[in-house]
Amino acid sequence: MDTSAFFNTLIILGGFMALLSVIETIVPLQMRKDANRTHLAANLGLTLITFATTLLLNLASAAGAAWIYYSDLGLFQYIEISGVAALFLGVIALDFSTYVAHVVMHKTPALWRVHLVHHIDPAVDVTTSFRQHPIETLLRFAFIAIPATALGVPPAVVAFYRTLSATNALLEHANVQPPQRADMLFSLFWVTPNMHKVHHSRRQEETDSNYGNLLSLYDRFFRTFTPTGRALSVRYGIDGCDQEETQTLGAAIMLPFRAESRRQQTSPN
Ligand SMILES: [Zn+2]
Ligand SMILES: [Zn+2]
């Protein structure tokens, strides 16, 4: 994605974020609490860092990705599949890789400490969407860039997948109550808002489920799916990480390197 397209996408995402934050006040999924206000500085700070890191990664990789694609080195060019097939297969493959990245972050102690930054938010709302450590941004980027390069996924399809992921991330985290039956129905194949809310539960068996990014098919196939009905009563966050001093922007950046967080191995088993 070139720089002007990247900034246009950011403006659209920012507008959608603002719209969802208004809807959150009209039909909230869970009642607002103090943490919805106190998490703002850390969440917005981490969101800016995520956008800046993504821009740098885009700039660093764009030329290389285009060269590989136009050099016909990828599998898709080799077997000469059509543009529509490249779109569908590309999205399915990149989404599987993103699912794997998420499972790896939960199951590897060092990476769980990085991913913990996203999970310790005690109040999930639209500002939680891009609350992640820059190391996680780098890792997620690699889990898209490597299969995209190997398969020769067209750069436009990669950009489409990443924009769709960012848009769905806003919907997944917004503290908005979706129609329950529709949410349940869509969760047969799609990662719905309530499906991802269950992933933010304090209960480890729920935290370690619903890893999907766009498609819920992988959670269903690998039996990591938890039904979405629990979303209304789920308690967000991670036990032992609620202290005020753990919830600041600085603490979030240092969290993967802190000795105490090494003992908070609540998720990996
Ligand atoms: Zn997670
Ligand atoms: Zn999340």
# chains A, B, ... in the order shown; residues from 1 in each chain; ligands from 1
$ residues_near_ligand --ligand "ligand 2" --cutoff "9 Å" --atoms "only C-alpha atoms and all ligand atoms" --output "JSON, numbers by chain"
{"A": [118, 119, 124, 128, 129, 130, 131, 169, 172, 173, 196, 197, 199, 200]}
$ select_by_dssp --residues "range 20-269 of chain A" --states "strand (DSSP E or B)" --output "CSV table (one decimal) with N, CA, C and O atoms, in the first residue's frame"
chain,number,residue,atom,x,y,z
A,28,PRO,N,-24.8,0.1,24.4
A,28,PRO,CA,-23.6,-0.6,24.9
A,28,PRO,C,-23.8,-2.1,25.2
A,28,PRO,O,-24.9,-2.4,25.6
A,176,VAL,N,-20.5,-2.4,21.7
A,176,VAL,CA,-21.8,-2.3,21.1
A,176,VAL,C,-22.5,-3.6,21.1
A,176,VAL,O,-21.9,-4.6,20.8
A,190,TRP,N,-17.8,-16.3,10.4
A,190,TRP,CA,-17.1,-15.0,10.5
A,190,TRP,C,-16.8,-14.7,12.0
A,190,TRP,O,-17.6,-15.1,12.9
A,201,SER,N,-12.0,-12.7,27.7
A,201,SER,CA,-12.4,-13.1,29.1
A,201,SER,C,-11.2,-13.4,30.0
A,201,SER,O,-10.1,-13.7,29.6
A,215,LEU,N,-12.2,-15.1,9.6
A,215,LEU,CA,-13.0,-16.3,9.4
A,215,LEU,C,-13.0,-17.1,10.7
A,215,LEU,O,-11.9,-17.4,11.3
A,236,TYR,N,-13.6,-8.8,31.5
A,236,TYR,CA,-12.4,-8.6,30.7
A,236,TYR,C,-11.2,-8.4,31.5
A,236,TYR,O,-11.2,-8.0,32.7
$ closest_atom_pairs --of "chain A" --to "ligand 1" --cutoff "9 Å" --atoms "only C-alpha atoms and all ligand atoms" --output "CSV"
residue,atom,partner,partner_atom_place_in_ligand_line,distance
A:His102,CA,ligand 1,1 (Zn),6.1
A:Val103,CA,ligand 1,1 (Zn),7.6
A:Met105,CA,ligand 1,1 (Zn),7.3
A:His106,CA,ligand 1,1 (Zn),6.4
A:Trp112,CA,ligand 1,1 (Zn),8.5
A:His115,CA,ligand 1,1 (Zn),6.6
A:Leu116,CA,ligand 1,1 (Zn),7.8
A:His118,CA,ligand 1,1 (Zn),7.3
A:His119,CA,ligand 1,1 (Zn),6.5
A:His199,CA,ligand 1,1 (Zn),6.5
A:His200,CA,ligand 1,1 (Zn),7.2
A:Thr207,CA,ligand 1,1 (Zn),6.7
A:Asp208,CA,ligand 1,1 (Zn),7.3
A:Ser209,CA,ligand 1,1 (Zn),8.3
A:Asn210,CA,ligand 1,1 (Zn),8.4
A:Tyr211,CA,ligand 1,1 (Zn),6.4
$ write_last_selection --atoms "N, CA and C atoms" --output "PDB file, in the first residue's frame"
ATOM      1  N   HIS A 102      -1.736 -15.872  16.079  1.00  0.00           N
ATOM      2  CA  HIS A 102      -2.431 -15.590  17.349  1.00  0.00           C
ATOM      3  C   HIS A 102      -2.275 -16.766  18.330  1.00  0.00           C
ATOM      4  N   VAL A 103      -2.414 -17.995  17.817  1.00  0.00           N
ATOM      5  CA  VAL A 103      -2.247 -19.173  18.685  1.00  0.00           C
ATOM      6  C   VAL A 103      -0.810 -19.214  19.224  1.00  0.00           C
ATOM      7  N   MET A 105       1.166 -16.776  19.759  1.00  0.00           N
ATOM      8  CA  MET A 105       1.346 -15.749  20.798  1.00  0.00           C
ATOM      9  C   MET A 105       0.770 -16.185  22.141  1.00  0.00           C
ATOM     10  N   HIS A 106      -0.259 -17.012  22.109  1.00  0.00           N
ATOM     11  CA  HIS A 106      -0.839 -17.500  23.362  1.00  0.00           C
ATOM     12  C   HIS A 106      -0.043 -18.651  23.952  1.00  0.00           C
ATOM     13  N   TRP A 112       3.628 -14.487  24.658  1.00  0.00           N
ATOM     14  CA  TRP A 112       2.441 -14.204  25.469  1.00  0.00           C
ATOM     15  C   TRP A 112       2.655 -12.907  26.272  1.00  0.00           C
ATOM     16  N   HIS A 115       1.868 -10.209  23.857  1.00  0.00           N
ATOM     17  CA  HIS A 115       0.433 -10.148  23.520  1.00  0.00           C
ATOM     18  C   HIS A 115      -0.411  -9.735  24.733  1.00  0.00           C
ATOM     19  N   LEU A 116       0.160  -9.935  25.931  1.00  0.00           N
ATOM     20  CA  LEU A 116      -0.518  -9.573  27.184  1.00  0.00           C
ATOM     21  C   LEU A 116      -0.961  -8.105  27.164  1.00  0.00           C
ATOM     22  N   HIS A 118      -2.345  -6.473  24.926  1.00  0.00           N
ATOM     23  CA  HIS A 118      -3.703  -6.382  24.364  1.00  0.00           C
ATOM     24  C   HIS A 118      -4.734  -6.934  25.351  1.00  0.00           C
ATOM     25  N   HIS A 119      -4.346  -7.974  26.090  1.00  0.00           N
ATOM     26  CA  HIS A 119      -5.331  -8.682  26.917  1.00  0.00           C
ATOM     27  C   HIS A 119      -5.558  -8.074  28.290  1.00  0.00           C
ATOM     28  N   HIS A 199     -12.991 -13.927  23.733  1.00  0.00           N
ATOM     29  CA  HIS A 199     -11.531 -14.091  23.736  1.00  0.00           C
ATOM     30  C   HIS A 199     -10.874 -13.171  24.781  1.00  0.00           C
ATOM     31  N   HIS A 200     -11.541 -12.079  25.143  1.00  0.00           N
ATOM     32  CA  HIS A 200     -10.978 -11.145  26.137  1.00  0.00           C
ATOM     33  C   HIS A 200     -11.387 -11.513  27.564  1.00  0.00           C
ATOM     34  N   THR A 207     -10.077 -17.323  27.203  1.00  0.00           N
ATOM     35  CA  THR A 207      -8.973 -16.543  26.603  1.00  0.00           C
ATOM     36  C   THR A 207      -8.288 -17.377  25.533  1.00  0.00           C
ATOM     37  N   ASP A 208      -8.083 -18.644  25.828  1.00  0.00           N
ATOM     38  CA  ASP A 208      -7.407 -19.540  24.881  1.00  0.00           C
ATOM     39  C   ASP A 208      -8.408 -20.167  23.908  1.00  0.00           C
ATOM     40  N   SER A 209      -9.299 -19.343  23.380  1.00  0.00           N
ATOM     41  CA  SER A 209     -10.245 -19.800  22.356  1.00  0.00           C
ATOM     42  C   SER A 209     -10.609 -18.596  21.492  1.00  0.00           C
ATOM     43  N   ASN A 210     -11.326 -18.843  20.405  1.00  0.00           N
ATOM     44  CA  ASN A 210     -11.752 -17.761  19.494  1.00  0.00           C
ATOM     45  C   ASN A 210     -10.569 -16.898  19.042  1.00  0.00           C
ATOM     46  N   TYR A 211      -9.569 -17.568  18.464  1.00  0.00           N
ATOM     47  CA  TYR A 211      -8.359 -16.873  17.998  1.00  0.00           C
ATOM     48  C   TYR A 211      -8.551 -16.218  16.624  1.00  0.00           C
TER      49      TYR A 211
END
$ residues_around --residues "Val158 in chain A" --least-positions-apart "4" --cutoff "12 Å" --atoms "only C-alpha atoms" --output "PDB file with C-alpha atoms, in the first residue's frame"
ATOM      1  CA  MET A   1       0.000   0.000   0.000  1.00  0.00           C
ATOM      2  CA  ASN A  58       4.954  -0.589   4.752  1.00  0.00           C
ATOM      3  CA  ALA A  62       6.650  -2.128  -0.379  1.00  0.00           C
ATOM      4  CA  ALA A  65       6.967  -7.047  -2.205  1.00  0.00           C
ATOM      5  CA  ALA A  66       6.242  -5.433  -5.586  1.00  0.00           C
ATOM      6  CA  TYR A  69       5.168 -10.129  -7.231  1.00  0.00           C
ATOM      7  CA  ALA A  86      -6.225 -15.100  -6.050  1.00  0.00           C
ATOM      8  CA  LEU A  87      -8.547 -12.850  -4.018  1.00  0.00           C
ATOM      9  CA  PHE A  88     -10.397 -15.730  -2.331  1.00  0.00           C
ATOM     10  CA  LEU A  89      -7.409 -18.041  -1.863  1.00  0.00           C
ATOM     11  CA  GLY A  90      -5.234 -15.100  -0.758  1.00  0.00           C
ATOM     12  CA  VAL A  91      -7.687 -14.004   1.948  1.00  0.00           C
ATOM     13  CA  ILE A  92      -8.189 -17.618   3.144  1.00  0.00           C
ATOM     14  CA  ALA A  93      -4.411 -18.249   3.297  1.00  0.00           C
ATOM     15  CA  LEU A  94      -3.519 -14.946   4.997  1.00  0.00           C
ATOM     16  CA  ASP A  95      -6.314 -15.427   7.512  1.00  0.00           C
ATOM     17  CA  PHE A 141       3.169  -8.175   9.711  1.00  0.00           C
ATOM     18  CA  PHE A 143       2.902 -13.650   9.420  1.00  0.00           C
ATOM     19  CA  ILE A 144       1.197 -11.872   6.513  1.00  0.00           C
ATOM     20  CA  ALA A 145       4.267 -10.852   4.490  1.00  0.00           C
ATOM     21  CA  ILE A 146       5.908 -14.305   4.453  1.00  0.00           C
ATOM     22  CA  PRO A 147       2.942 -16.357   3.095  1.00  0.00           C
ATOM     23  CA  ALA A 148       1.938 -13.464   0.793  1.00  0.00           C
ATOM     24  CA  THR A 149       5.437 -13.524  -0.725  1.00  0.00           C
ATOM     25  CA  LEU A 151       2.194 -17.565  -2.627  1.00  0.00           C
ATOM     26  CA  GLY A 152       2.580 -14.423  -4.730  1.00  0.00           C
ATOM     27  CA  VAL A 153      -0.645 -12.885  -3.379  1.00  0.00           C
ATOM     28  CA  PRO A 154      -1.261  -9.696  -5.420  1.00  0.00           C
ATOM     29  CA  ARG A 162      -5.262  -5.796   5.957  1.00  0.00           C
ATOM     30  CA  THR A 163      -7.898  -3.062   5.574  1.00  0.00           C
ATOM     31  CA  LEU A 164     -10.708  -5.584   6.119  1.00  0.00           C
ATOM     32  CA  SER A 165      -8.872  -6.912   9.215  1.00  0.00           C
TER      33      SER A 165
END
$ residues_around --residues "Arg202 in chain A" --least-positions-apart "3" --cutoff "6 Å" --atoms "only C-alpha atoms" --output "PDB file with N, CA and C atoms, in the first residue's frame"
ATOM      1  N   ARG A 235     -16.014 -11.192  31.980  1.00  0.00           N
ATOM      2  CA  ARG A 235     -15.211 -10.188  32.704  1.00  0.00           C
ATOM      3  C   ARG A 235     -13.889 -10.048  31.966  1.00  0.00           C
ATOM      4  N   TYR A 236     -13.605  -8.816  31.492  1.00  0.00           N
ATOM      5  CA  TYR A 236     -12.417  -8.584  30.678  1.00  0.00           C
ATOM      6  C   TYR A 236     -11.159  -8.438  31.522  1.00  0.00           C
ATOM      7  N   GLY A 237     -10.009  -8.705  30.915  1.00  0.00           N
ATOM      8  CA  GLY A 237      -8.716  -8.461  31.553  1.00  0.00           C
ATOM      9  C   GLY A 237      -8.010  -9.739  31.944  1.00  0.00           C
ATOM     10  N   ILE A 238      -6.919  -9.562  32.693  1.00  0.00           N
ATOM     11  CA  ILE A 238      -6.118 -10.699  33.159  1.00  0.00           C
ATOM     12  C   ILE A 238      -5.886 -10.501  34.649  1.00  0.00           C
TER      13      ILE A 238
END
$ closest_residue --among "A:Asn175, A:Ser82, A:Gln247, A:Thr167" --to "Ala231 in chain A" --atoms "only C-alpha atoms"
A:Asn175
$ atom_distance --atom1 "CA of Ile26 in chain A" --atom2 "CA of Pro178 in chain A"
11.9 Å
$ residues_around --residues "Thr25 in chain A" --least-positions-apart "2" --cutoff "12 Å" --atoms "only C-alpha atoms" --output "list of chain:residue names"
A:Ala18, A:Leu19, A:Leu20, A:Ser21, A:Val22, A:Ile23, A:Val27, A:Pro28, A:Leu29, A:Gln30, A:Met31, A:Arg32, A:Asn36, A:Asp125, A:Val126, A:Ala174, A:Asn175, A:Val176, A:Gln177
$ select_by_dssp --residues "range 44-129 of chain A" --states "alpha helix (DSSP H)" --output "ChimeraX atom specification"
/A:44-70,75-78,83-107,109-119
$ residues_around --residues "range 53-56 of chain A" --least-positions-apart "2" --cutoff "9 Å" --atoms "only C-alpha atoms" --output "VMD selection string"
chain A and resid 3 6 to 7 48 to 51 58 to 61 134 137 to 138 141
$ write_last_selection --atoms "N, CA and C atoms" --output "PDB file, in the first residue's frame"
ATOM      1  N   THR A   3       1.998   5.303   0.346  1.00  0.00           N
ATOM      2  CA  THR A   3       1.822   6.142   1.533  1.00  0.00           C
ATOM      3  C   THR A   3       0.511   6.925   1.502  1.00  0.00           C
ATOM      4  N   PHE A   6      -2.252   4.648   2.336  1.00  0.00           N
ATOM      5  CA  PHE A   6      -2.177   4.307   3.758  1.00  0.00           C
ATOM      6  C   PHE A   6      -2.852   5.403   4.592  1.00  0.00           C
ATOM      7  N   PHE A   7      -2.542   6.676   4.285  1.00  0.00           N
ATOM      8  CA  PHE A   7      -3.128   7.772   5.065  1.00  0.00           C
ATOM      9  C   PHE A   7      -4.635   7.891   4.812  1.00  0.00           C
ATOM     10  N   LEU A  48      -1.535   4.975  18.234  1.00  0.00           N
ATOM     11  CA  LEU A  48      -0.638   5.817  17.426  1.00  0.00           C
ATOM     12  C   LEU A  48       0.666   5.078  17.118  1.00  0.00           C
ATOM     13  N   ILE A  49       1.187   4.355  18.128  1.00  0.00           N
ATOM     14  CA  ILE A  49       2.437   3.591  17.919  1.00  0.00           C
ATOM     15  C   ILE A  49       2.204   2.474  16.888  1.00  0.00           C
ATOM     16  N   THR A  50       1.033   1.828  16.958  1.00  0.00           N
ATOM     17  CA  THR A  50       0.705   0.763  15.992  1.00  0.00           C
ATOM     18  C   THR A  50       0.659   1.330  14.570  1.00  0.00           C
ATOM     19  N   PHE A  51       0.015   2.491  14.404  1.00  0.00           N
ATOM     20  CA  PHE A  51      -0.082   3.103  13.070  1.00  0.00           C
ATOM     21  C   PHE A  51       1.309   3.509  12.561  1.00  0.00           C
ATOM     22  N   ASN A  58       5.426  -0.731   6.140  1.00  0.00           N
ATOM     23  CA  ASN A  58       4.954  -0.589   4.752  1.00  0.00           C
ATOM     24  C   ASN A  58       6.041  -0.004   3.875  1.00  0.00           C
ATOM     25  N   LEU A  59       6.652   1.077   4.365  1.00  0.00           N
ATOM     26  CA  LEU A  59       7.690   1.749   3.579  1.00  0.00           C
ATOM     27  C   LEU A  59       8.861   0.800   3.327  1.00  0.00           C
ATOM     28  N   ALA A  60       9.214   0.037   4.371  1.00  0.00           N
ATOM     29  CA  ALA A  60      10.371  -0.854   4.272  1.00  0.00           C
ATOM     30  C   ALA A  60      10.119  -2.015   3.319  1.00  0.00           C
ATOM     31  N   SER A  61       8.855  -2.471   3.239  1.00  0.00           N
ATOM     32  CA  SER A  61       8.595  -3.716   2.506  1.00  0.00           C
ATOM     33  C   SER A  61       7.989  -3.507   1.125  1.00  0.00           C
ATOM     34  N   PRO A 134       4.428  -2.875  19.893  1.00  0.00           N
ATOM     35  CA  PRO A 134       5.019  -2.830  18.540  1.00  0.00           C
ATOM     36  C   PRO A 134       5.642  -4.146  18.099  1.00  0.00           C
ATOM     37  N   THR A 137       2.939  -5.963  16.455  1.00  0.00           N
ATOM     38  CA  THR A 137       2.688  -5.406  15.114  1.00  0.00           C
ATOM     39  C   THR A 137       3.670  -6.000  14.111  1.00  0.00           C
ATOM     40  N   LEU A 138       4.940  -6.080  14.526  1.00  0.00           N
ATOM     41  CA  LEU A 138       6.000  -6.628  13.679  1.00  0.00           C
ATOM     42  C   LEU A 138       5.725  -8.104  13.373  1.00  0.00           C
ATOM     43  N   PHE A 141       2.771  -8.586  11.063  1.00  0.00           N
ATOM     44  CA  PHE A 141       3.169  -8.175   9.711  1.00  0.00           C
ATOM     45  C   PHE A 141       3.934  -9.314   9.032  1.00  0.00           C
TER      46      PHE A 141
END
$ atom_distance --atom1 "CA of Val191 in chain A" --atom2 "CA of Asn213 in chain A"
6.3 Å
$ atom_distance --atom1 "CA of Arg181 in chain A" --atom2 "CA of Val198 in chain A"
16.1 Å
$ residues_around --residues "Arg230 in chain A" --least-positions-apart "2" --cutoff "9 Å" --atoms "only C-alpha atoms" --output "PyMOL selection string"
chain A and resi 194-195+197-198+226-228+232-234
$ write_last_selection --atoms "N, CA and C atoms" --output "short mmCIF file (atom, residue, chain, number, x, y, z; two decimals), in the first residue's frame"
data_model
loop_
_atom_site.label_atom_id
_atom_site.label_comp_id
_atom_site.auth_asym_id
_atom_site.auth_seq_id
_atom_site.Cartn_x
_atom_site.Cartn_y
_atom_site.Cartn_z
N ASN A 194 -19.25 -10.45 19.29
CA ASN A 194 -19.38 -11.22 20.53
C ASN A 194 -18.39 -12.38 20.59
N MET A 195 -18.03 -12.92 19.43
CA MET A 195 -17.06 -14.03 19.42
C MET A 195 -15.71 -13.53 19.96
N LYS A 197 -15.24 -10.88 21.89
CA LYS A 197 -15.36 -10.44 23.29
C LYS A 197 -15.06 -11.61 24.23
N VAL A 198 -15.50 -12.82 23.86
CA VAL A 198 -15.24 -14.01 24.69
C VAL A 198 -13.73 -14.25 24.80
N THR A 226 -15.45 -21.00 21.10
CA THR A 226 -16.37 -20.90 22.24
C THR A 226 -17.59 -20.12 21.76
N PRO A 227 -18.81 -20.64 22.00
CA PRO A 227 -20.01 -19.94 21.53
C PRO A 227 -20.10 -18.51 22.07
N THR A 228 -20.78 -17.65 21.30
CA THR A 228 -20.72 -16.21 21.55
C THR A 228 -21.66 -15.73 22.66
N LEU A 232 -22.05 -11.29 26.91
CA LEU A 232 -22.75 -10.31 27.73
C LEU A 232 -22.22 -10.25 29.15
N SER A 233 -21.78 -11.39 29.68
CA SER A 233 -21.39 -11.44 31.09
C SER A 233 -19.90 -11.64 31.30
N VAL A 234 -19.12 -11.64 30.22
CA VAL A 234 -17.69 -11.91 30.35
C VAL A 234 -16.99 -10.81 31.15
#
$ closest_residue --among "A:Ser97, A:Gln132, A:Thr127, A:Thr47" --to "Ala252 in chain A" --atoms "only C-alpha atoms"
A:Gln132
$ closest_residue --among "A:Leu73, A:Ala110, A:Ala142, A:Ala101" --to "Arg258 in chain A" --atoms "only C-alpha atoms"
A:Ala110
$ decode --residues "range 209-222 of chain A" --atoms "N, CA, C and O atoms" --output "compact mmCIF listing (two decimals), in the first residue's frame"
# COMPACT_ATOMS: atom_id res chain seq x y z
N SER A 209 -9.30 -19.34 23.38
CA SER A 209 -10.25 -19.80 22.36
C SER A 209 -10.61 -18.60 21.49
O SER A 209 -10.22 -17.47 21.80
N ASN A 210 -11.33 -18.84 20.40
CA ASN A 210 -11.75 -17.76 19.49
C ASN A 210 -10.57 -16.90 19.04
O ASN A 210 -10.57 -15.68 19.19
N TYR A 211 -9.57 -17.57 18.46
CA TYR A 211 -8.36 -16.87 18.00
C TYR A 211 -8.55 -16.22 16.62
O TYR A 211 -7.71 -15.45 16.18
N GLY A 212 -9.63 -16.55 15.94
CA GLY A 212 -9.81 -16.15 14.54
C GLY A 212 -9.71 -14.65 14.32
O GLY A 212 -9.98 -13.84 15.23
N ASN A 213 -9.35 -14.29 13.08
CA ASN A 213 -9.22 -12.87 12.71
C ASN A 213 -10.43 -12.43 11.89
O ASN A 213 -11.16 -11.53 12.30
N LEU A 214 -10.66 -13.06 10.74
CA LEU A 214 -11.84 -12.75 9.94
C LEU A 214 -12.78 -13.96 9.89
O LEU A 214 -13.95 -13.86 10.18
N LEU A 215 -12.21 -15.12 9.55
CA LEU A 215 -13.02 -16.33 9.39
C LEU A 215 -13.01 -17.15 10.68
O LEU A 215 -11.95 -17.36 11.27
N SER A 216 -14.19 -17.60 11.10
CA SER A 216 -14.26 -18.41 12.33
C SER A 216 -14.03 -19.89 12.01
O SER A 216 -14.02 -20.72 12.91
N LEU A 217 -13.83 -20.19 10.73
CA LEU A 217 -13.73 -21.59 10.30
C LEU A 217 -12.56 -22.31 10.97
O LEU A 217 -12.66 -23.49 11.30
N TYR A 218 -11.45 -21.62 11.18
CA TYR A 218 -10.27 -22.28 11.76
C TYR A 218 -10.53 -22.63 13.22
O TYR A 218 -10.13 -23.69 13.70
N ASP A 219 -11.21 -21.73 13.96
CA ASP A 219 -11.56 -22.06 15.35
C ASP A 219 -12.48 -23.27 15.40
O ASP A 219 -12.36 -24.11 16.27
N ARG A 220 -13.38 -23.35 14.44
CA ARG A 220 -14.31 -24.49 14.43
C ARG A 220 -13.57 -25.77 14.04
O ARG A 220 -13.74 -26.81 14.67
N PHE A 221 -12.71 -25.67 13.05
CA PHE A 221 -11.99 -26.86 12.57
C PHE A 221 -11.02 -27.38 13.63
O PHE A 221 -10.93 -28.59 13.85
N PHE A 222 -10.30 -26.47 14.31
CA PHE A 222 -9.30 -26.90 15.30
C PHE A 222 -9.87 -26.96 16.72
O PHE A 222 -9.13 -27.05 17.69
